[in-house]
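K.L.:
Provided herewith: start01.cif, mmCIF, C-alpha atoms.
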```cif
data_entry
#
loop_
_atom_site.label_atom_id
_atom_site.label_comp_id
_atom_site.auth_asym_id
_atom_site.auth_seq_id
_atom_site.Cartn_x
_atom_site.Cartn_y
_atom_site.Cartn_z
CA MET A 1 -40.49 70.55 9.25
CA PRO A 2 -42.35 72.82 11.67
CA GLU A 3 -41.48 76.51 11.56
CA ILE A 4 -39.31 77.59 14.47
CA LYS A 5 -40.64 80.56 16.42
CA GLN A 6 -38.11 83.37 16.67
CA TYR A 7 -38.17 86.55 18.70
CA PRO A 8 -37.74 89.78 16.68
CA ASN A 9 -34.81 91.72 18.10
CA LYS A 10 -34.50 94.81 15.87
CA LEU A 11 -33.46 97.84 17.87
CA GLY A 12 -35.75 100.17 15.87
CA LEU A 13 -35.58 103.91 16.65
CA LYS A 14 -34.04 103.00 20.00
CA GLY A 15 -31.00 101.98 17.99
CA TRP A 16 -30.48 105.59 16.91
CA VAL A 17 -30.32 106.92 20.45
CA VAL A 18 -29.79 104.26 23.10
CA GLY A 19 -26.94 102.47 21.42
CA GLY A 20 -24.73 101.88 24.43
CA LYS A 21 -21.20 103.12 24.88
CA TRP A 22 -20.82 104.51 21.42
CA GLY A 23 -18.46 107.00 19.81
CA PRO A 24 -19.35 110.63 18.98
CA GLU A 25 -19.93 109.82 15.29
CA ARG A 26 -23.00 107.76 16.16
CA TYR A 27 -24.58 110.69 18.01
CA LEU A 28 -23.71 113.00 15.10
CA TYR A 29 -25.42 110.48 12.83
CA THR A 30 -28.58 110.67 14.94
CA LEU A 31 -28.40 114.46 15.24
CA HIS A 32 -27.91 114.77 11.48
CA ARG A 33 -31.10 112.82 10.86
CA VAL A 34 -33.10 114.69 13.51
CA THR A 35 -31.94 118.11 12.28
CA GLY A 36 -32.71 117.05 8.72
CA LEU A 37 -36.28 116.19 9.71
CA GLY A 38 -36.57 119.46 11.69
CA ILE A 39 -35.46 121.53 8.70
CA LEU A 40 -37.94 119.65 6.52
CA LEU A 41 -40.74 120.40 8.98
CA TYR A 42 -39.78 124.08 9.00
CA PHE A 43 -39.71 124.08 5.20
CA VAL A 44 -43.29 122.77 5.01
CA MET A 45 -44.48 125.40 7.53
CA HIS A 46 -42.58 128.08 5.63
CA ILE A 47 -44.29 127.13 2.36
CA PHE A 48 -47.72 127.35 4.00
CA VAL A 49 -47.02 130.75 5.56
CA THR A 50 -45.53 132.34 2.44
CA ALA A 51 -48.24 130.79 0.23
CA SER A 52 -50.80 132.87 2.13
CA ARG A 53 -49.40 135.97 0.43
CA ALA A 54 -50.65 134.61 -2.89
CA ILE A 55 -54.19 134.55 -1.50
CA SER A 56 -54.44 138.09 -0.09
CA GLN A 57 -52.61 140.74 1.91
CA GLU A 58 -54.97 140.11 4.82
CA MET A 59 -54.22 136.38 4.88
CA TRP A 60 -50.49 137.10 4.79
CA GLU A 61 -50.72 139.49 7.73
CA ARG A 62 -52.86 137.00 9.65
CA ALA A 63 -50.39 134.17 8.95
CA MET A 64 -47.45 136.32 10.00
CA ALA A 65 -49.24 137.35 13.18
CA GLY A 66 -49.70 133.67 13.97
CA VAL A 67 -45.96 132.97 13.87
CA THR A 68 -44.62 135.80 16.00
CA GLY A 69 -43.76 135.79 19.69
CA THR A 70 -41.05 134.34 21.90
CA ILE A 71 -41.82 130.69 21.12
CA PHE A 72 -41.49 131.23 17.39
CA LEU A 73 -38.33 133.33 17.86
CA VAL A 74 -36.73 130.49 19.83
CA GLY A 75 -38.10 128.02 17.27
CA GLU A 76 -36.56 130.02 14.46
CA TYR A 77 -33.25 130.07 16.29
CA LEU A 78 -33.44 126.30 16.69
CA VAL A 79 -33.98 126.02 12.93
CA PHE A 80 -30.86 128.13 12.48
CA VAL A 81 -28.93 125.86 14.88
CA ALA A 82 -30.20 122.80 13.02
CA PHE A 83 -29.22 124.35 9.70
CA ALA A 84 -25.71 125.27 10.92
CA PHE A 85 -25.11 121.77 12.27
CA HIS A 86 -26.65 119.99 9.27
CA ALA A 87 -24.67 122.06 6.75
CA LEU A 88 -21.26 121.79 8.43
CA ASN A 89 -21.68 118.14 9.40
CA GLY A 90 -22.95 117.53 5.86
CA ILE A 91 -19.64 118.84 4.48
CA ARG A 92 -17.82 116.37 6.72
CA LEU A 93 -20.07 113.52 5.55
CA ALA A 94 -19.67 114.45 1.88
CA LEU A 95 -15.87 114.40 2.22
CA ILE A 96 -16.06 111.05 4.04
CA GLU A 97 -18.42 109.54 1.50
CA LEU A 98 -16.06 110.52 -1.30
CA GLY A 99 -13.30 108.66 0.51
CA VAL A 100 -11.30 111.83 1.20
CA LEU A 101 -11.38 111.56 4.99
CA THR A 102 -11.39 107.78 5.38
CA GLY A 103 -7.89 107.01 4.19
CA PRO A 104 -6.99 104.02 2.01
CA ALA A 105 -7.28 100.38 3.05
CA GLU A 106 -4.45 99.27 5.32
CA GLN A 107 -3.24 96.19 7.18
CA PRO A 108 -5.22 95.74 10.42
CA ILE A 109 -2.56 95.68 13.12
CA TYR A 110 -3.68 95.46 16.76
CA PRO A 111 -4.64 97.78 18.44
CA TYR A 112 -6.75 98.50 15.39
CA LYS A 113 -7.13 102.01 14.07
CA SER A 114 -9.96 102.65 11.67
CA SER A 115 -11.19 105.37 9.35
CA LEU A 116 -12.87 106.88 12.44
CA ASN A 117 -9.42 107.91 13.67
CA VAL A 118 -8.58 109.44 10.28
CA GLN A 119 -11.65 111.70 10.12
CA ARG A 120 -11.85 112.58 13.83
CA PRO A 121 -9.62 115.71 13.83
CA PHE A 122 -11.73 117.14 11.00
CA MET A 123 -14.88 116.22 12.92
CA VAL A 124 -13.61 118.15 15.95
CA VAL A 125 -12.81 121.19 13.79
CA MET A 126 -16.27 121.10 12.20
CA MET A 127 -18.00 120.84 15.57
CA ILE A 128 -16.02 123.82 16.89
CA LEU A 129 -17.12 125.70 13.77
CA VAL A 130 -20.73 124.71 14.48
CA LEU A 131 -20.38 126.06 18.01
CA VAL A 132 -18.92 129.37 16.78
CA VAL A 133 -21.69 129.80 14.17
CA VAL A 134 -24.41 128.88 16.69
CA LEU A 135 -23.06 131.37 19.27
CA ALA A 136 -22.69 134.12 16.66
CA GLY A 137 -26.24 133.40 15.48
CA GLY A 138 -27.53 133.53 19.06
CA TRP A 139 -25.90 136.89 19.59
CA ASP A 140 -27.48 138.17 16.39
CA PHE A 141 -30.94 136.69 17.15
CA PHE A 142 -31.29 137.70 20.77
CA ILE A 143 -28.93 140.60 21.44
CA ALA A 144 -28.06 142.53 18.26
CA ALA A 145 -31.61 142.33 16.90
CA GLY A 146 -32.89 143.81 20.19
CA HIS A 147 -35.60 141.20 20.86
CA MET B 1 -2.63 76.46 42.51
CA SER B 2 -3.89 78.06 45.73
CA ASN B 3 -2.67 81.40 44.44
CA GLU B 4 -4.87 80.98 41.35
CA THR B 5 -7.92 80.16 43.51
CA GLU B 6 -7.33 83.28 45.58
CA GLN B 7 -7.44 85.35 42.43
CA LEU B 8 -10.93 84.10 41.56
CA GLN B 9 -13.64 86.68 42.02
CA ASN B 10 -17.39 86.27 41.69
CA TYR B 11 -19.12 88.09 38.87
CA ILE B 12 -22.82 88.25 38.09
CA PHE B 13 -23.56 87.13 34.54
CA ARG B 14 -26.94 88.70 33.72
CA VAL B 15 -27.91 86.58 30.73
CA ARG B 16 -30.85 87.25 28.42
CA ARG B 17 -32.85 84.04 28.14
CA TYR B 18 -35.47 83.01 25.61
CA ASP B 19 -36.87 79.59 24.90
CA PRO B 20 -39.28 79.68 21.93
CA ALA B 21 -41.11 76.60 23.25
CA ARG B 22 -41.81 78.20 26.63
CA ASP B 23 -41.38 81.99 26.62
CA ASP B 24 -43.33 84.77 24.97
CA GLU B 25 -40.72 87.40 25.82
CA PRO B 26 -37.00 87.25 26.61
CA TYR B 27 -36.02 87.86 30.23
CA PHE B 28 -32.80 88.24 32.22
CA GLU B 29 -31.46 85.58 34.55
CA ASP B 30 -28.52 86.07 36.94
CA PHE B 31 -25.72 83.55 37.41
CA THR B 32 -22.77 83.87 39.78
CA VAL B 33 -19.58 82.91 38.01
CA PRO B 34 -16.09 82.79 39.59
CA CYS B 35 -13.67 84.45 37.18
CA GLY B 36 -9.90 84.60 37.27
CA PRO B 37 -7.51 86.82 35.38
CA GLY B 38 -7.52 86.18 31.65
CA MET B 39 -10.86 84.39 31.74
CA VAL B 40 -13.01 85.23 28.72
CA VAL B 41 -16.79 85.54 28.60
CA LEU B 42 -17.07 82.25 26.73
CA ASP B 43 -15.34 80.46 29.63
CA GLY B 44 -17.98 81.96 31.94
CA LEU B 45 -20.80 80.70 29.73
CA TRP B 46 -19.27 77.20 29.76
CA TYR B 47 -19.07 77.40 33.56
CA ILE B 48 -22.81 78.22 33.69
CA LYS B 49 -23.63 75.36 31.32
CA GLU B 50 -21.52 72.83 33.22
CA HIS B 51 -22.36 73.86 36.80
CA LEU B 52 -25.51 76.00 36.94
CA ASP B 53 -27.88 75.56 33.99
CA PRO B 54 -27.29 73.03 31.20
CA THR B 55 -30.12 74.50 29.11
CA LEU B 56 -28.28 77.74 28.32
CA ALA B 57 -27.75 77.99 24.55
CA TRP B 58 -25.24 79.94 22.49
CA ARG B 59 -23.16 79.39 19.38
CA SER B 60 -19.38 79.02 19.48
CA SER B 61 -16.67 76.94 17.89
CA CYS B 62 -12.99 77.86 17.58
CA ARG B 63 -12.46 79.72 20.91
CA MET B 64 -9.79 81.93 19.29
CA GLY B 65 -11.57 84.73 17.44
CA VAL B 66 -11.39 83.07 14.05
CA CYS B 67 -14.73 81.39 13.32
CA GLY B 68 -16.98 84.34 14.19
CA SER B 69 -19.65 82.20 15.87
CA CYS B 70 -19.79 83.73 19.34
CA GLY B 71 -20.75 87.35 18.58
CA MET B 72 -22.82 88.68 21.54
CA LEU B 73 -23.90 91.91 23.11
CA LEU B 74 -21.68 92.28 26.18
CA ASN B 75 -22.49 95.22 28.45
CA GLY B 76 -24.31 96.90 25.58
CA LYS B 77 -21.65 96.48 22.91
CA PRO B 78 -21.15 93.71 20.33
CA HIS B 79 -18.05 91.59 21.00
CA LEU B 80 -16.80 88.06 20.42
CA ALA B 81 -17.33 86.14 23.68
CA CYS B 82 -14.11 84.17 23.13
CA HIS B 83 -12.10 87.32 22.56
CA THR B 84 -13.27 89.44 25.48
CA GLN B 85 -11.96 89.10 29.01
CA VAL B 86 -14.56 89.42 31.77
CA ARG B 87 -12.40 91.74 33.89
CA GLU B 88 -11.86 94.01 30.92
CA LEU B 89 -15.59 94.79 30.79
CA THR B 90 -16.89 94.91 34.34
CA LYS B 91 -16.10 94.84 38.05
CA GLU B 92 -19.37 93.22 39.11
CA ILE B 93 -22.20 92.65 36.65
CA LEU B 94 -21.83 91.53 33.05
CA MET B 95 -24.88 91.84 30.81
CA VAL B 96 -24.87 89.12 28.14
CA ALA B 97 -27.47 89.32 25.38
CA PRO B 98 -27.82 88.06 21.81
CA LEU B 99 -26.73 90.38 18.99
CA PRO B 100 -29.50 92.88 18.25
CA ASN B 101 -30.85 93.49 14.72
CA PHE B 102 -31.12 89.68 14.32
CA ASP B 103 -34.09 87.57 15.40
CA ILE B 104 -33.41 85.42 18.45
CA VAL B 105 -33.50 81.66 17.84
CA ARG B 106 -32.91 80.80 21.50
CA ASP B 107 -31.10 82.43 24.46
CA LEU B 108 -27.90 83.91 22.95
CA VAL B 109 -28.31 82.42 19.48
CA PRO B 110 -29.15 84.98 16.78
CA ASP B 111 -30.51 84.01 13.36
CA LEU B 112 -27.69 85.09 11.02
CA ALA B 113 -29.41 83.74 7.87
CA PRO B 114 -30.77 87.14 6.67
CA MET B 115 -27.23 88.58 6.83
CA LEU B 116 -25.82 85.71 4.79
CA GLU B 117 -28.65 85.99 2.25
CA LYS B 118 -27.80 89.67 1.76
CA HIS B 119 -24.16 88.68 1.45
CA LEU B 120 -24.99 86.29 -1.40
CA LYS B 121 -27.09 88.91 -3.20
CA LEU B 122 -24.00 91.07 -3.66
CA ASN B 123 -22.17 88.40 -5.73
CA THR B 124 -19.36 88.03 -3.23
CA ARG B 125 -16.99 85.99 -5.37
CA ILE B 126 -14.58 86.53 -8.28
CA ILE B 127 -16.51 86.64 -11.55
CA ARG B 128 -14.54 86.32 -14.80
CA GLU B 129 -15.09 85.21 -18.36
CA ASP B 130 -12.31 82.60 -18.29
CA VAL B 131 -14.33 80.19 -16.18
CA GLU B 132 -12.09 77.21 -17.07
CA GLU B 133 -9.04 78.96 -15.63
CA VAL B 134 -10.94 79.84 -12.46
CA LEU B 135 -12.12 76.26 -11.96
CA GLU B 136 -8.88 74.55 -13.05
CA PRO B 137 -6.12 77.13 -12.46
CA THR B 138 -2.92 76.72 -14.47
CA ASP B 139 -1.08 79.58 -12.79
CA GLN B 140 -1.61 82.59 -10.54
CA TYR B 141 -3.19 85.85 -11.68
CA TRP B 142 -0.87 88.83 -11.83
CA GLN B 143 -1.63 91.21 -8.98
CA ASP B 144 0.89 93.66 -7.61
CA PRO B 145 1.16 94.42 -3.85
CA ASP B 146 -0.92 97.61 -4.20
CA ASP B 147 -3.77 95.64 -5.80
CA LEU B 148 -3.64 93.24 -2.87
CA THR B 149 -3.56 96.00 -0.22
CA ALA B 150 -6.68 97.57 -1.74
CA TYR B 151 -8.84 94.64 -0.63
CA LEU B 152 -6.84 92.58 1.86
CA GLN B 153 -8.05 94.45 4.95
CA PHE B 154 -11.64 93.66 4.04
CA ALA B 155 -10.89 90.01 3.33
CA TYR B 156 -10.18 89.42 7.05
CA CYS B 157 -13.94 89.52 7.80
CA ILE B 158 -15.14 86.48 9.81
CA LYS B 159 -18.88 87.19 9.34
CA CYS B 160 -19.56 87.35 13.08
CA GLY B 161 -22.34 89.92 12.65
CA CYS B 162 -21.03 92.36 15.30
CA CYS B 163 -21.03 95.20 12.75
CA MET B 164 -24.64 94.43 11.77
CA ALA B 165 -25.69 94.57 15.43
CA ALA B 166 -24.02 97.96 15.89
CA CYS B 167 -25.42 99.61 12.75
CA PRO B 168 -28.15 102.19 13.53
CA THR B 169 -29.36 102.27 9.92
CA LEU B 170 -30.00 98.54 9.99
CA ALA B 171 -31.93 99.01 13.25
CA THR B 172 -34.72 100.73 11.33
CA ASP B 173 -34.20 99.52 7.78
CA ASP B 174 -34.67 95.95 6.58
CA ILE B 175 -33.77 96.64 2.95
CA TYR B 176 -30.30 98.08 3.60
CA SER B 177 -27.67 95.35 3.12
CA GLY B 178 -25.63 96.36 6.16
CA PRO B 179 -21.89 96.65 6.82
CA MET B 180 -20.76 93.03 6.44
CA PRO B 181 -22.30 92.28 3.02
CA LEU B 182 -21.31 95.69 1.65
CA THR B 183 -17.73 95.33 2.85
CA GLN B 184 -17.51 91.99 1.10
CA GLY B 185 -19.18 93.56 -1.94
CA TYR B 186 -16.42 96.18 -2.01
CA ARG B 187 -13.75 93.54 -1.43
CA TYR B 188 -14.69 91.95 -4.77
CA LEU B 189 -15.56 95.22 -6.53
CA ILE B 190 -12.00 96.46 -6.05
CA ASP B 191 -10.26 93.14 -6.71
CA THR B 192 -8.31 93.50 -9.98
CA ARG B 193 -8.91 89.82 -10.79
CA ASP B 194 -12.65 90.45 -10.99
CA GLY B 195 -14.29 91.26 -14.30
CA ALA B 196 -17.88 92.04 -13.30
CA PHE B 197 -17.78 95.72 -12.39
CA LYS B 198 -20.81 96.56 -14.58
CA GLU B 199 -22.99 93.86 -13.03
CA ARG B 200 -21.89 94.80 -9.52
CA LYS B 201 -22.55 98.48 -10.25
CA LYS B 202 -26.15 97.71 -11.21
CA ILE B 203 -26.78 95.90 -7.93
CA LEU B 204 -24.97 98.46 -5.77
CA SER B 205 -26.73 101.42 -7.37
CA SER B 206 -30.03 100.05 -6.12
CA GLU B 207 -31.57 100.45 -2.68
CA ILE B 208 -29.60 97.52 -1.27
CA GLY B 209 -26.38 99.41 -2.03
CA PRO B 210 -24.24 101.60 0.23
CA TRP B 211 -26.28 104.82 -0.03
CA ARG B 212 -28.18 104.49 3.23
CA CYS B 213 -24.97 104.48 5.26
CA HIS B 214 -24.32 107.90 6.83
CA TYR B 215 -21.20 107.02 8.71
CA ALA B 216 -22.17 106.37 12.29
CA GLY B 217 -18.91 104.42 12.23
CA GLU B 218 -19.93 101.88 14.86
CA CYS B 219 -19.35 98.92 12.56
CA SER B 220 -15.67 99.81 12.45
CA ALA B 221 -15.51 100.53 16.18
CA VAL B 222 -16.82 97.08 17.15
CA CYS B 223 -15.17 94.92 14.47
CA PRO B 224 -13.04 92.34 16.33
CA LYS B 225 -10.74 91.86 13.33
CA GLY B 226 -10.01 95.49 12.40
CA VAL B 227 -11.78 95.12 9.07
CA ASP B 228 -13.20 98.68 9.08
CA PRO B 229 -16.51 98.20 7.22
CA ALA B 230 -17.28 101.95 7.39
CA ARG B 231 -14.16 102.64 5.32
CA ALA B 232 -15.08 99.96 2.76
CA ILE B 233 -18.58 101.38 2.34
CA GLN B 234 -17.31 104.95 1.81
CA LEU B 235 -14.65 103.77 -0.65
CA MET B 236 -17.37 101.83 -2.45
CA LYS B 237 -19.48 105.00 -2.73
CA ARG B 238 -16.46 106.85 -4.08
CA GLU B 239 -15.85 104.15 -6.68
CA LEU B 240 -19.50 104.27 -7.81
CA VAL B 241 -19.68 108.08 -7.86
CA TRP B 242 -16.39 108.34 -9.78
CA ASP B 243 -17.74 105.84 -12.27
CA TYR B 244 -21.03 107.76 -12.59
CA ILE B 245 -19.22 110.98 -13.48
CA ARG B 246 -16.96 108.95 -15.77
CA LEU B 247 -13.75 109.35 -13.80
CA GLY B 248 -13.62 105.80 -12.47
CA LYS B 249 -10.47 103.79 -13.16
CA ARG B 250 -12.28 100.44 -13.03
CA ARG B 251 -14.81 101.31 -15.73
CA HIS B 252 -12.69 100.31 -18.71
CA GLN B 253 -10.27 98.13 -16.88
CA LYS B 254 -10.13 94.47 -17.84
CA PRO B 255 -9.43 91.93 -15.12
CA VAL B 256 -5.77 91.04 -14.74
CA GLY B 257 -4.52 88.00 -16.61
CA LEU B 258 -2.10 85.28 -15.66
CA LEU B 259 1.43 86.03 -14.59
CA PRO B 260 3.48 86.92 -17.73
CA LYS B 261 5.70 84.10 -18.98
CA GLU B 262 8.96 85.99 -18.38
CA ARG B 263 8.02 86.36 -14.72
CA ARG B 264 7.13 82.73 -14.15
CA ALA B 265 10.59 81.17 -14.37
CA THR B 266 12.23 82.84 -11.42
CA GLU B 267 15.55 81.83 -9.94
CA ARG B 268 15.43 80.20 -6.54
CA ARG B 269 16.49 82.73 -3.91
CA GLU B 270 19.49 81.94 -1.74
CA GLY B 271 18.95 80.67 1.78
CA ILE B 272 15.63 78.95 1.16
CA ALA B 273 15.73 75.40 2.49
CA GLU B 274 15.05 72.51 0.13
CA ALA B 275 11.77 70.62 0.54
CA PRO B 276 12.09 67.36 2.48
CA GLU B 277 12.16 64.04 0.67
CA PHE B 278 8.79 62.60 -0.32
CA THR B 279 7.47 60.01 2.06
CA ILE B 280 4.90 58.63 -0.41
CA ASP B 281 6.02 56.40 -3.23
CA GLY B 282 5.44 57.81 -6.68
CA ALA B 283 4.83 61.42 -5.55
CA VAL B 284 6.02 64.12 -7.97
CA SER B 285 7.04 67.64 -6.96
CA PRO B 286 5.04 70.52 -8.51
CA ALA B 287 8.14 71.67 -10.41
CA GLU B 288 8.43 68.28 -12.10
CA GLN B 289 4.76 68.00 -12.96
CA PRO B 290 3.88 68.32 -16.67
#
```
Transcribe the structure of this file into structure tokens.

P.N.:
Amino acid sequence: MPEIKQYPNKLGLKGWVVGGKWGPERYLYTLHRVTGLGILLYFVMHIFVTASRAISQEMWERAMAGVTGTIFLVGEYLVFVAFAFHALNGIRLALIELGVLTGPAEQPIYPYKSSLNVQRPFMVVMMILVLVVVLAGGWDFFIAAGH
Amino acid sequence: MSNETEQLQNYIFRVRRYDPARDDEPYFEDFTVPCGPGMVVLDGLWYIKEHLDPTLAWRSSCRMGVCGSCGMLLNGKPHLACHTQVRELTKEILMVAPLPNFDIVRDLVPDLAPMLEKHLKLNTRIIREDVEEVLEPTDQYWQDPDDLTAYLQFAYCIKCGCCMAACPTLATDDIYSGPMPLTQGYRYLIDTRDGAFKERKKILSSEIGPWRCHYAGECSAVCPKGVDPARAIQLMKRELVWDYIRLGKRRHQKPVGLLPKERRATERREGIAEAPEFTIDGAVSPAEQP
């Protein structure tokens, strides 16, 4: 029997972002992954910069001089924002993945309500917390520190 | 009758077409379809096939949201075509495409075989040592209503593939089993009649297990039967984590046995009508069978 040609229809990375009319949890999913990768990238850069101190004082000072300025200040703030979101959303995910915020199985009665409805109030609280932490961090980074 | 005709309104069905014998890439083709109140997308597709283009291909069967054949991407979201009214989705243009995350066989027909292969890999059936009883049952197993509630919601799955099409993890990951197989995996993992927790645990602890799910929740949002795969996957993780730290209830639990003898001979409740007389000569009622 001849093999039937099929057209591959995987969404790929587009599936993370351009999903359609999705709920907020899908965008939090994408943001969680992106912030995770951003923090990882910062971690690698951080290791390289701090490792220069092991070579010599001069190398350390040169490395530190290379990561100062407005762009790096904003970049550092973005790392802080990513960290705040990733940590607080991570707490939500951990509680969901342990079945705490999903609720037990129930009879599906139309209009269906799912575990999304169970965890949503907590999600809203966590996102408000993220906003508060991000604003407080911004005040500390840009105003209190006198940059 | 004339009133019904007046209520008809033209809609553009923008259908994604692909013929493997002719096309290198899928493309969109517009069809004008008159739709009345209550008309579902599947009716529109039949109208196209009967009046506009007989070559249009899709998969459907029961027309009542039971068989799970007609899962499609309608205006960017997975739905059952037989279960979705045209007017509920659009006022003018309806985009109809095959479910993403599956290869396209032709037009609106996705290849669901990889999903069903993953489903089989997770041993989605009751596994017990008393094979004779399973094959030739002598009585029912003893489950209480709570045992039933724990898995019943997930047993309503019709394998339409809508959850698989909505899953962002599956969009970039071929190894991940996906919401439908994992939900069915959990359905049997939690079933008190099942006696294969250790074997299931081994499979689910691997990379095909639930660990790549990070709760985008779309599988539950699009499920046409209210099955809530996202919940099943999280509860499955909890069961496996609890077992890993040796707090799991199922770890030492044996599968339930048959209904105890003292519970079998129950009195007939009042008000239940008697069965009608047999219409076949020689038939014996179950109560009179040896």

K.L.:
From the options A:Leu95, A:Val124, A:Ala87, A:Leu13, which residue's atoms come nearest to chain B, counting only C-alpha atoms?

P.N.:
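Of the candidates, the smallest distance to chain B is held by A:Leu13.
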
K.L.:
List the residues matched by the PyMOL selection byres ((chain B and resi 191-195) around 10) in the displayed structure as a PyMOL selection string, ordered by chain and then by residue number.

P.N.:
chain B and resi 125-130+141-144+147-152+186-190+196-200+250+253-258

K.L.:
Any chance you could tabulate, as a Markdown table, the residues of chain A at most 10 Å from chain B with each one's nearest atom pair and distance in Å to one decimal, using all atoms listed in the file, in chain and rising number order?

P.N.:
```
| residue | atom | partner | partner_atom | distance |
| --- | --- | --- | --- | --- |
| A:Ile4 | CA | B:Pro20 | CA | 7.7 |
| A:Lys5 | CA | B:Pro20 | CA | 5.7 |
| A:Gln6 | CA | B:Val105 | CA | 5.1 |
| A:Tyr7 | CA | B:Ile104 | CA | 4.9 |
| A:Pro8 | CA | B:Asp103 | CA | 4.5 |
| A:Asn9 | CA | B:Asp103 | CA | 5.0 |
| A:Lys10 | CA | B:Asn101 | CA | 4.0 |
| A:Leu11 | CA | B:Ala171 | CA | 5.0 |
| A:Gly12 | CA | B:Thr172 | CA | 4.7 |
| A:Leu13 | CA | B:Thr172 | CA | 6.3 |
| A:Lys14 | CA | B:Ala171 | CA | 8.1 |
| A:Gly15 | CA | B:Pro168 | CA | 5.3 |
| A:Trp16 | CA | B:Pro168 | CA | 5.3 |
| A:Val17 | CA | B:Pro168 | CA | 8.7 |
| A:Val18 | CA | B:Gly76 | CA | 9.5 |
| A:Gly19 | CA | B:Gly76 | CA | 7.4 |
| A:Gly20 | CA | B:Gly76 | CA | 5.1 |
| A:Lys21 | CA | B:Lys77 | CA | 6.9 |
| A:Trp22 | CA | B:Glu218 | CA | 7.1 |
| A:Gly23 | CA | B:Glu218 | CA | 7.3 |
| A:Pro24 | CA | B:Ala216 | CA | 8.4 |
| A:Glu25 | CA | B:Ala216 | CA | 5.1 |
| A:Arg26 | CA | B:Ala216 | CA | 4.2 |
| A:Tyr27 | CA | B:Ala216 | CA | 7.6 |
| A:Leu28 | CA | B:Ala216 | CA | 7.4 |
| A:Tyr29 | CA | B:Ala216 | CA | 5.3 |
| A:Thr30 | CA | B:Ala216 | CA | 8.2 |
| A:His32 | CA | B:His214 | CA | 9.0 |
| A:Arg33 | CA | B:His214 | CA | 9.3 |
| A:Gly90 | CA | B:His214 | CA | 9.8 |
| A:Leu93 | CA | B:His214 | CA | 7.2 |
| A:Ala94 | CA | B:His214 | CA | 9.4 |
| A:Leu95 | CA | B:Gln234 | CA | 9.6 |
| A:Ile96 | CA | B:Gln234 | CA | 6.6 |
| A:Glu97 | CA | B:Gln234 | CA | 4.7 |
| A:Leu98 | CA | B:Arg238 | CA | 4.6 |
| A:Gly99 | CA | B:Leu235 | CA | 5.2 |
| A:Val100 | CA | B:Arg238 | CA | 8.9 |
| A:Leu101 | CA | B:Arg231 | CA | 9.3 |
| A:Thr102 | CA | B:Arg231 | CA | 5.8 |
| A:Gly103 | CA | B:Arg231 | CA | 7.7 |
| A:Pro104 | CA | B:Ala150 | CA | 7.5 |
| A:Ala105 | CA | B:Ala150 | CA | 5.6 |
| A:Glu106 | CA | B:Gln153 | CA | 6.0 |
| A:Gln107 | CA | B:Gln153 | CA | 5.6 |
| A:Pro108 | CA | B:Gly226 | CA | 5.2 |
| A:Ile109 | CA | B:Gly226 | CA | 7.5 |
| A:Tyr110 | CA | B:Gly226 | CA | 7.7 |
| A:Pro111 | CA | B:Gly226 | CA | 8.4 |
| A:Tyr112 | CA | B:Gly226 | CA | 5.4 |
| A:Lys113 | CA | B:Gly226 | CA | 7.3 |
| A:Ser114 | CA | B:Asp228 | CA | 5.7 |
| A:Ser115 | CA | B:Arg231 | CA | 5.7 |
| A:Leu116 | CA | B:Gly217 | CA | 6.5 |
| A:Asn117 | CA | B:Ala221 | CA | 9.9 |
```

K.L.:
Measure the distance from CA of Arg16 in chain B to CA of Glu88 in chain B in Å and round it to one decimal.

P.N.:
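Computed distance, CA of Arg16 in chain B to CA of Glu88 in chain B, equals 20.3 Å.
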
K.L.:
Quick one: of A:Met123, A:Glu3, A:Val130, A:Phe48, who's nearest to Trp60 in chain A, counting only C-alpha atoms?

P.N.:
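For Trp60 in chain A, the nearest of the candidates is A:Phe48.
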
K.L.:
Restricting the calculation to all atoms listed in the file, which member of B:Ile48, B:Ala155, B:Val15, B:Leu112 is positioned closest to Ala97 in chain B?

P.N.:
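Under the stated criterion, the closest residue is B:Val15.
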
K.L.:
I'd like to know which of B:Cys157, B:Val40, B:Val131, B:Ala113 is closest to Cys67 in chain B, using only C-alpha atoms.

P.N.:
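Once distances to Cys67 in chain B are computed over only C-alpha atoms, the minimum belongs to B:Cys157.
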
K.L.:
Rounded to one decimal place, report the CA of Gly36 in chain B-CA of Tyr11 in chain B distance in Å.

P.N.:
10.0 Å

K.L.:
List, as a PDB file with C-alpha atoms, keeping the file's coordinate frame, every residue that the PyMOL selection byres ((chain B and resi 84) around 10) selects in the file provided.

P.N.:
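Writing the result to part29.pdb gives the following:
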```pdb
ATOM      1  CA  GLY B  38      -7.520  86.180  31.650  1.00  0.00           C
ATOM      2  CA  MET B  39     -10.860  84.390  31.740  1.00  0.00           C
ATOM      3  CA  VAL B  40     -13.010  85.230  28.720  1.00  0.00           C
ATOM      4  CA  VAL B  41     -16.790  85.540  28.600  1.00  0.00           C
ATOM      5  CA  LEU B  42     -17.070  82.250  26.730  1.00  0.00           C
ATOM      6  CA  GLY B  65     -11.570  84.730  17.440  1.00  0.00           C
ATOM      7  CA  LEU B  74     -21.680  92.280  26.180  1.00  0.00           C
ATOM      8  CA  HIS B  79     -18.050  91.590  21.000  1.00  0.00           C
ATOM      9  CA  LEU B  80     -16.800  88.060  20.420  1.00  0.00           C
ATOM     10  CA  ALA B  81     -17.330  86.140  23.680  1.00  0.00           C
ATOM     11  CA  CYS B  82     -14.110  84.170  23.130  1.00  0.00           C
ATOM     12  CA  HIS B  83     -12.100  87.320  22.560  1.00  0.00           C
ATOM     13  CA  GLN B  85     -11.960  89.100  29.010  1.00  0.00           C
ATOM     14  CA  VAL B  86     -14.560  89.420  31.770  1.00  0.00           C
ATOM     15  CA  ARG B  87     -12.400  91.740  33.890  1.00  0.00           C
ATOM     16  CA  GLU B  88     -11.860  94.010  30.920  1.00  0.00           C
ATOM     17  CA  LEU B  89     -15.590  94.790  30.790  1.00  0.00           C
ATOM     18  CA  PRO B 224     -13.040  92.340  16.330  1.00  0.00           C
TER      19      PRO B 224
END
```
